[in-house]
Amino acid sequence: MWRIKSFQELTTTELYTYLRLRVNVFIVEQSCPYPELDGYDVDSYHFSYIENDELLAYARVLPSGVKYNYVSIGRVIVDKKSRGRGLAKQLMEQAISFIHEKWPNADIQLQAQAHLKHFYGSFGFEAISDEYDEDGIPHVDMLKKAVNL
């Protein structure tokens, strides 16, 4: 089941579960010590996919002006044992759809690990920076321009 909640709507158990998955993948699995608790969660909308009471996918959406001048998507993650099921694609579709409903005509920015540039490109994101090192991992900034219908 897909869920979206503001920080204020989260239970302490939900928050703990989200943070645990983020730490397990971004810090432990990727061997990348960095400040996971970055202060942006309070202003974010939190997307999750729960199956059999287990968190399998997560992302957060930040309104414009919180981290970037644009609305942004971050912390896109799928639990290791659930990869290959298309959950990351569904997660991005859910986040983009939410953004278009909440902020029509908003451009969307994200900071992608460089090896995922093609994945994000499949949703219309284009690189707006050269590759750079972020905590020992190559990254690139990407932007999806709003499509005016």
# chains A, B, ... in the order shown; residues from 1 in each chain; ligands from 1

$ select_by_dssp --residues "stretch 35-129 of chain A" --states "strand (DSSP E)" --output "PyMOL selection string"
chain A and resi 45-51+54-62+71-78+108-113+126-127

$ residues_around --residues "A:Cys32" --least-positions-apart "6" --cutoff "9 Å" --atoms "only C-alpha atoms" --output "PyMOL selection string"
chain A and resi 26+135-137

$ residues_around --residues "stretch 53-63 of chain A" --least-positions-apart "4" --cutoff "10 Å" --atoms "only C-alpha atoms" --output "PyMOL selection string"
chain A and resi 1-7+14+17-22+40-49+67-83+87-88+90-92+94-96+98-99+102-103+106+108-110

$ select_by_dssp --residues "stretch 53-132 of chain A" --states "helix (DSSP H, G or I)" --output "list in words"
Lys80, Lys81, Ser82, Leu87, Ala88, Lys89, Gln90, Leu91, Met92, Glu93, Gln94, Ala95, Ile96, Ser97, Phe98, Ile99, His100, Glu101, Lys102, Ala114, His115, Leu116, Lys117, His118, Phe119, Tyr120 and Gly121 of chain A

$ write_last_selection --atoms "N, CA, C and O atoms" --output "JSON list (two decimals), in the first residue's frame"
[["chain", "number", "residue", "atom", "x", "y", "z"],
["A", 80, "LYS", "N", 16.74, -3.62, -0.10],
["A", 80, "LYS", "CA", 17.58, -4.50, -0.92],
["A", 80, "LYS", "C", 16.84, -5.75, -1.41],
["A", 80, "LYS", "O", 16.92, -6.12, -2.57],
["A", 81, "LYS", "N", 16.08, -6.39, -0.53],
["A", 81, "LYS", "CA", 15.43, -7.64, -0.91],
["A", 81, "LYS", "C", 14.21, -7.43, -1.82],
["A", 81, "LYS", "O", 13.67, -8.39, -2.37],
["A", 82, "SER", "N", 13.81, -6.17, -2.02],
["A", 82, "SER", "CA", 12.64, -5.88, -2.84],
["A", 82, "SER", "C", 13.00, -5.24, -4.18],
["A", 82, "SER", "O", 12.11, -4.86, -4.94],
["A", 87, "LEU", "N", 9.50, -1.22, -7.98],
["A", 87, "LEU", "CA", 9.04, -0.31, -6.94],
["A", 87, "LEU", "C", 9.64, 1.09, -7.06],
["A", 87, "LEU", "O", 8.97, 2.08, -6.76],
["A", 88, "ALA", "N", 10.88, 1.19, -7.50],
["A", 88, "ALA", "CA", 11.50, 2.51, -7.65],
["A", 88, "ALA", "C", 10.77, 3.31, -8.72],
["A", 88, "ALA", "O", 10.52, 4.51, -8.56],
["A", 89, "LYS", "N", 10.40, 2.65, -9.81],
["A", 89, "LYS", "CA", 9.64, 3.32, -10.88],
["A", 89, "LYS", "C", 8.29, 3.78, -10.35],
["A", 89, "LYS", "O", 7.88, 4.93, -10.56],
["A", 90, "GLN", "N", 7.59, 2.91, -9.64],
["A", 90, "GLN", "CA", 6.30, 3.27, -9.07],
["A", 90, "GLN", "C", 6.44, 4.41, -8.06],
["A", 90, "GLN", "O", 5.60, 5.32, -8.01],
["A", 91, "LEU", "N", 7.49, 4.36, -7.27],
["A", 91, "LEU", "CA", 7.74, 5.40, -6.27],
["A", 91, "LEU", "C", 7.93, 6.76, -6.94],
["A", 91, "LEU", "O", 7.34, 7.76, -6.51],
["A", 92, "MET", "N", 8.72, 6.80, -7.99],
["A", 92, "MET", "CA", 8.94, 8.06, -8.71],
["A", 92, "MET", "C", 7.64, 8.54, -9.35],
["A", 92, "MET", "O", 7.34, 9.73, -9.33],
["A", 93, "GLU", "N", 6.87, 7.63, -9.92],
["A", 93, "GLU", "CA", 5.59, 8.02, -10.52],
["A", 93, "GLU", "C", 4.66, 8.61, -9.47],
["A", 93, "GLU", "O", 3.98, 9.61, -9.72],
["A", 94, "GLN", "N", 4.62, 7.99, -8.29],
["A", 94, "GLN", "CA", 3.79, 8.49, -7.20],
["A", 94, "GLN", "C", 4.23, 9.89, -6.78],
["A", 94, "GLN", "O", 3.41, 10.79, -6.60],
["A", 95, "ALA", "N", 5.53, 10.09, -6.61],
["A", 95, "ALA", "CA", 6.05, 11.37, -6.17],
["A", 95, "ALA", "C", 5.80, 12.46, -7.20],
["A", 95, "ALA", "O", 5.36, 13.57, -6.86],
["A", 96, "ILE", "N", 6.05, 12.17, -8.46],
["A", 96, "ILE", "CA", 5.83, 13.16, -9.53],
["A", 96, "ILE", "C", 4.35, 13.51, -9.63],
["A", 96, "ILE", "O", 3.99, 14.68, -9.78],
["A", 97, "SER", "N", 3.50, 12.51, -9.56],
["A", 97, "SER", "CA", 2.05, 12.76, -9.61],
["A", 97, "SER", "C", 1.61, 13.66, -8.45],
["A", 97, "SER", "O", 0.83, 14.61, -8.65],
["A", 98, "PHE", "N", 2.09, 13.38, -7.26],
["A", 98, "PHE", "CA", 1.76, 14.20, -6.09],
["A", 98, "PHE", "C", 2.21, 15.64, -6.31],
["A", 98, "PHE", "O", 1.47, 16.59, -6.03],
["A", 99, "ILE", "N", 3.41, 15.81, -6.82],
["A", 99, "ILE", "CA", 3.94, 17.16, -7.05],
["A", 99, "ILE", "C", 3.08, 17.91, -8.06],
["A", 99, "ILE", "O", 2.73, 19.07, -7.84],
["A", 100, "HIS", "N", 2.69, 17.24, -9.15],
["A", 100, "HIS", "CA", 1.86, 17.90, -10.16],
["A", 100, "HIS", "C", 0.50, 18.29, -9.61],
["A", 100, "HIS", "O", -0.06, 19.31, -10.00],
["A", 101, "GLU", "N", -0.04, 17.48, -8.69],
["A", 101, "GLU", "CA", -1.33, 17.80, -8.08],
["A", 101, "GLU", "C", -1.20, 18.96, -7.08],
["A", 101, "GLU", "O", -2.04, 19.85, -7.04],
["A", 102, "LYS", "N", -0.16, 18.92, -6.27],
["A", 102, "LYS", "CA", 0.00, 19.92, -5.20],
["A", 102, "LYS", "C", 0.55, 21.24, -5.72],
["A", 102, "LYS", "O", 0.14, 22.31, -5.26],
["A", 114, "ALA", "N", 25.27, 9.29, -9.83],
["A", 114, "ALA", "CA", 25.56, 9.35, -11.27],
["A", 114, "ALA", "C", 25.15, 8.07, -12.00],
["A", 114, "ALA", "O", 24.67, 8.15, -13.14],
["A", 115, "HIS", "N", 25.29, 6.92, -11.38],
["A", 115, "HIS", "CA", 24.94, 5.68, -12.09],
["A", 115, "HIS", "C", 23.43, 5.53, -12.30],
["A", 115, "HIS", "O", 22.99, 4.66, -13.04],
["A", 116, "LEU", "N", 22.63, 6.40, -11.68],
["A", 116, "LEU", "CA", 21.17, 6.36, -11.84],
["A", 116, "LEU", "C", 20.66, 7.46, -12.78],
["A", 116, "LEU", "O", 19.45, 7.66, -12.89],
["A", 117, "LYS", "N", 21.57, 8.15, -13.46],
["A", 117, "LYS", "CA", 21.18, 9.24, -14.34],
["A", 117, "LYS", "C", 20.18, 8.77, -15.41],
["A", 117, "LYS", "O", 19.20, 9.46, -15.70],
["A", 118, "HIS", "N", 20.41, 7.61, -15.99],
["A", 118, "HIS", "CA", 19.50, 7.10, -17.03],
["A", 118, "HIS", "C", 18.11, 6.78, -16.43],
["A", 118, "HIS", "O", 17.09, 7.07, -17.05],
["A", 119, "PHE", "N", 18.10, 6.20, -15.24],
["A", 119, "PHE", "CA", 16.82, 5.90, -14.57],
["A", 119, "PHE", "C", 15.99, 7.17, -14.40],
["A", 119, "PHE", "O", 14.83, 7.23, -14.80],
["A", 120, "TYR", "N", 16.58, 8.21, -13.84],
["A", 120, "TYR", "CA", 15.85, 9.47, -13.64],
["A", 120, "TYR", "C", 15.55, 10.15, -14.97],
["A", 120, "TYR", "O", 14.52, 10.80, -15.12],
["A", 121, "GLY", "N", 16.44, 9.97, -15.93],
["A", 121, "GLY", "CA", 16.19, 10.51, -17.26],
["A", 121, "GLY", "C", 14.94, 9.94, -17.90],
["A", 121, "GLY", "O", 14.25, 10.61, -18.67]]

$ closest_residue --among "A:Asp107, A:Glu131, A:Val25, A:Ala112" --to "A:Leu143" --atoms "only C-alpha atoms"
A:Asp107

$ closest_residue --among "A:Gly86, A:Pro104, A:Gly124, A:Pro35" --to "A:Val23" --atoms "only C-alpha atoms"
A:Pro35

$ atom_distance --atom1 "atom CA of A:Gln30" --atom2 "atom CA of A:Lys144"
26.3 Å

$ decode --residues "stretch 65-89 of chain A" --atoms "N, CA, C and O atoms" --output "PDB file, in the first residue's frame"
ATOM      1  N   GLY A  65      12.129  25.990  -2.117  1.00  0.00           N
ATOM      2  CA  GLY A  65      12.649  26.887  -1.100  1.00  0.00           C
ATOM      3  C   GLY A  65      13.149  26.197   0.153  1.00  0.00           C
ATOM      4  O   GLY A  65      13.761  26.840   1.008  1.00  0.00           O
ATOM      5  N   VAL A  66      12.917  24.907   0.287  1.00  0.00           N
ATOM      6  CA  VAL A  66      13.394  24.188   1.476  1.00  0.00           C
ATOM      7  C   VAL A  66      14.860  23.789   1.286  1.00  0.00           C
ATOM      8  O   VAL A  66      15.719  24.141   2.084  1.00  0.00           O
ATOM      9  N   LYS A  67      15.146  23.061   0.225  1.00  0.00           N
ATOM     10  CA  LYS A  67      16.533  22.680  -0.073  1.00  0.00           C
ATOM     11  C   LYS A  67      17.026  23.350  -1.352  1.00  0.00           C
ATOM     12  O   LYS A  67      18.160  23.785  -1.428  1.00  0.00           O
ATOM     13  N   TYR A  68      16.166  23.387  -2.344  1.00  0.00           N
ATOM     14  CA  TYR A  68      16.476  24.008  -3.624  1.00  0.00           C
ATOM     15  C   TYR A  68      15.422  25.074  -3.936  1.00  0.00           C
ATOM     16  O   TYR A  68      14.390  25.149  -3.265  1.00  0.00           O
ATOM     17  N   ASN A  69      15.658  25.824  -5.004  1.00  0.00           N
ATOM     18  CA  ASN A  69      14.649  26.782  -5.451  1.00  0.00           C
ATOM     19  C   ASN A  69      13.429  26.075  -6.033  1.00  0.00           C
ATOM     20  O   ASN A  69      12.368  26.674  -6.168  1.00  0.00           O
ATOM     21  N   TYR A  70      13.613  24.809  -6.402  1.00  0.00           N
ATOM     22  CA  TYR A  70      12.536  24.012  -6.987  1.00  0.00           C
ATOM     23  C   TYR A  70      12.018  22.992  -5.983  1.00  0.00           C
ATOM     24  O   TYR A  70      12.707  22.639  -5.028  1.00  0.00           O
ATOM     25  N   VAL A  71      10.825  22.472  -6.230  1.00  0.00           N
ATOM     26  CA  VAL A  71      10.343  21.300  -5.497  1.00  0.00           C
ATOM     27  C   VAL A  71      11.372  20.202  -5.758  1.00  0.00           C
ATOM     28  O   VAL A  71      11.938  20.119  -6.850  1.00  0.00           O
ATOM     29  N   SER A  72      11.629  19.359  -4.768  1.00  0.00           N
ATOM     30  CA  SER A  72      12.634  18.325  -4.988  1.00  0.00           C
ATOM     31  C   SER A  72      12.198  16.979  -4.428  1.00  0.00           C
ATOM     32  O   SER A  72      11.373  16.902  -3.521  1.00  0.00           O
ATOM     33  N   ILE A  73      12.763  15.950  -5.025  1.00  0.00           N
ATOM     34  CA  ILE A  73      12.556  14.572  -4.589  1.00  0.00           C
ATOM     35  C   ILE A  73      13.897  14.070  -4.086  1.00  0.00           C
ATOM     36  O   ILE A  73      14.929  14.275  -4.733  1.00  0.00           O
ATOM     37  N   GLY A  74      13.889  13.398  -2.939  1.00  0.00           N
ATOM     38  CA  GLY A  74      15.132  12.884  -2.392  1.00  0.00           C
ATOM     39  C   GLY A  74      14.946  11.609  -1.611  1.00  0.00           C
ATOM     40  O   GLY A  74      13.829  11.162  -1.366  1.00  0.00           O
ATOM     41  N   ARG A  75      16.066  11.031  -1.229  1.00  0.00           N
ATOM     42  CA  ARG A  75      16.096   9.809  -0.423  1.00  0.00           C
ATOM     43  C   ARG A  75      15.277   8.686  -1.067  1.00  0.00           C
ATOM     44  O   ARG A  75      14.608   7.916  -0.400  1.00  0.00           O
ATOM     45  N   VAL A  76      15.335   8.603  -2.394  1.00  0.00           N
ATOM     46  CA  VAL A  76      14.622   7.554  -3.130  1.00  0.00           C
ATOM     47  C   VAL A  76      15.309   6.232  -2.829  1.00  0.00           C
ATOM     48  O   VAL A  76      16.505   6.080  -3.069  1.00  0.00           O
ATOM     49  N   ILE A  77      14.544   5.279  -2.308  1.00  0.00           N
ATOM     50  CA  ILE A  77      15.169   4.058  -1.808  1.00  0.00           C
ATOM     51  C   ILE A  77      14.207   2.876  -1.876  1.00  0.00           C
ATOM     52  O   ILE A  77      13.009   3.032  -1.662  1.00  0.00           O
ATOM     53  N   VAL A  78      14.763   1.716  -2.213  1.00  0.00           N
ATOM     54  CA  VAL A  78      14.014   0.460  -2.177  1.00  0.00           C
ATOM     55  C   VAL A  78      14.840  -0.517  -1.351  1.00  0.00           C
ATOM     56  O   VAL A  78      16.054  -0.632  -1.544  1.00  0.00           O
ATOM     57  N   ASP A  79      14.180  -1.193  -0.429  1.00  0.00           N
ATOM     58  CA  ASP A  79      14.844  -2.188   0.400  1.00  0.00           C
ATOM     59  C   ASP A  79      15.541  -3.214  -0.492  1.00  0.00           C
ATOM     60  O   ASP A  79      15.006  -3.616  -1.527  1.00  0.00           O
ATOM     61  N   LYS A  80      16.740  -3.622  -0.104  1.00  0.00           N
ATOM     62  CA  LYS A  80      17.576  -4.500  -0.925  1.00  0.00           C
ATOM     63  C   LYS A  80      16.841  -5.752  -1.407  1.00  0.00           C
ATOM     64  O   LYS A  80      16.920  -6.120  -2.570  1.00  0.00           O
ATOM     65  N   LYS A  81      16.082  -6.387  -0.533  1.00  0.00           N
ATOM     66  CA  LYS A  81      15.428  -7.644  -0.914  1.00  0.00           C
ATOM     67  C   LYS A  81      14.211  -7.432  -1.818  1.00  0.00           C
ATOM     68  O   LYS A  81      13.672  -8.387  -2.367  1.00  0.00           O
ATOM     69  N   SER A  82      13.815  -6.174  -2.017  1.00  0.00           N
ATOM     70  CA  SER A  82      12.639  -5.878  -2.840  1.00  0.00           C
ATOM     71  C   SER A  82      12.999  -5.240  -4.178  1.00  0.00           C
ATOM     72  O   SER A  82      12.111  -4.856  -4.937  1.00  0.00           O
ATOM     73  N   ARG A  83      14.269  -5.119  -4.469  1.00  0.00           N
ATOM     74  CA  ARG A  83      14.686  -4.515  -5.736  1.00  0.00           C
ATOM     75  C   ARG A  83      14.376  -5.446  -6.896  1.00  0.00           C
ATOM     76  O   ARG A  83      14.298  -6.647  -6.726  1.00  0.00           O
ATOM     77  N   GLY A  84      14.183  -4.853  -8.055  1.00  0.00           N
ATOM     78  CA  GLY A  84      13.886  -5.640  -9.251  1.00  0.00           C
ATOM     79  C   GLY A  84      12.405  -5.875  -9.464  1.00  0.00           C
ATOM     80  O   GLY A  84      12.017  -6.562 -10.409  1.00  0.00           O
ATOM     81  N   ARG A  85      11.569  -5.293  -8.631  1.00  0.00           N
ATOM     82  CA  ARG A  85      10.111  -5.459  -8.741  1.00  0.00           C
ATOM     83  C   ARG A  85       9.429  -4.243  -9.353  1.00  0.00           C
ATOM     84  O   ARG A  85       8.215  -4.208  -9.458  1.00  0.00           O
ATOM     85  N   GLY A  86      10.201  -3.230  -9.711  1.00  0.00           N
ATOM     86  CA  GLY A  86       9.621  -2.022 -10.289  1.00  0.00           C
ATOM     87  C   GLY A  86       9.143  -1.018  -9.254  1.00  0.00           C
ATOM     88  O   GLY A  86       8.456  -0.053  -9.594  1.00  0.00           O
ATOM     89  N   LEU A  87       9.503  -1.219  -7.985  1.00  0.00           N
ATOM     90  CA  LEU A  87       9.037  -0.310  -6.937  1.00  0.00           C
ATOM     91  C   LEU A  87       9.641   1.086  -7.060  1.00  0.00           C
ATOM     92  O   LEU A  87       8.974   2.084  -6.765  1.00  0.00           O
ATOM     93  N   ALA A  88      10.884   1.191  -7.501  1.00  0.00           N
ATOM     94  CA  ALA A  88      11.504   2.509  -7.653  1.00  0.00           C
ATOM     95  C   ALA A  88      10.766   3.310  -8.723  1.00  0.00           C
ATOM     96  O   ALA A  88      10.515   4.506  -8.556  1.00  0.00           O
ATOM     97  N   LYS A  89      10.397   2.653  -9.809  1.00  0.00           N
ATOM     98  CA  LYS A  89       9.641   3.319 -10.875  1.00  0.00           C
ATOM     99  C   LYS A  89       8.288   3.783 -10.346  1.00  0.00           C
ATOM    100  O   LYS A  89       7.881   4.929 -10.561  1.00  0.00           O
TER     101      LYS A  89
END
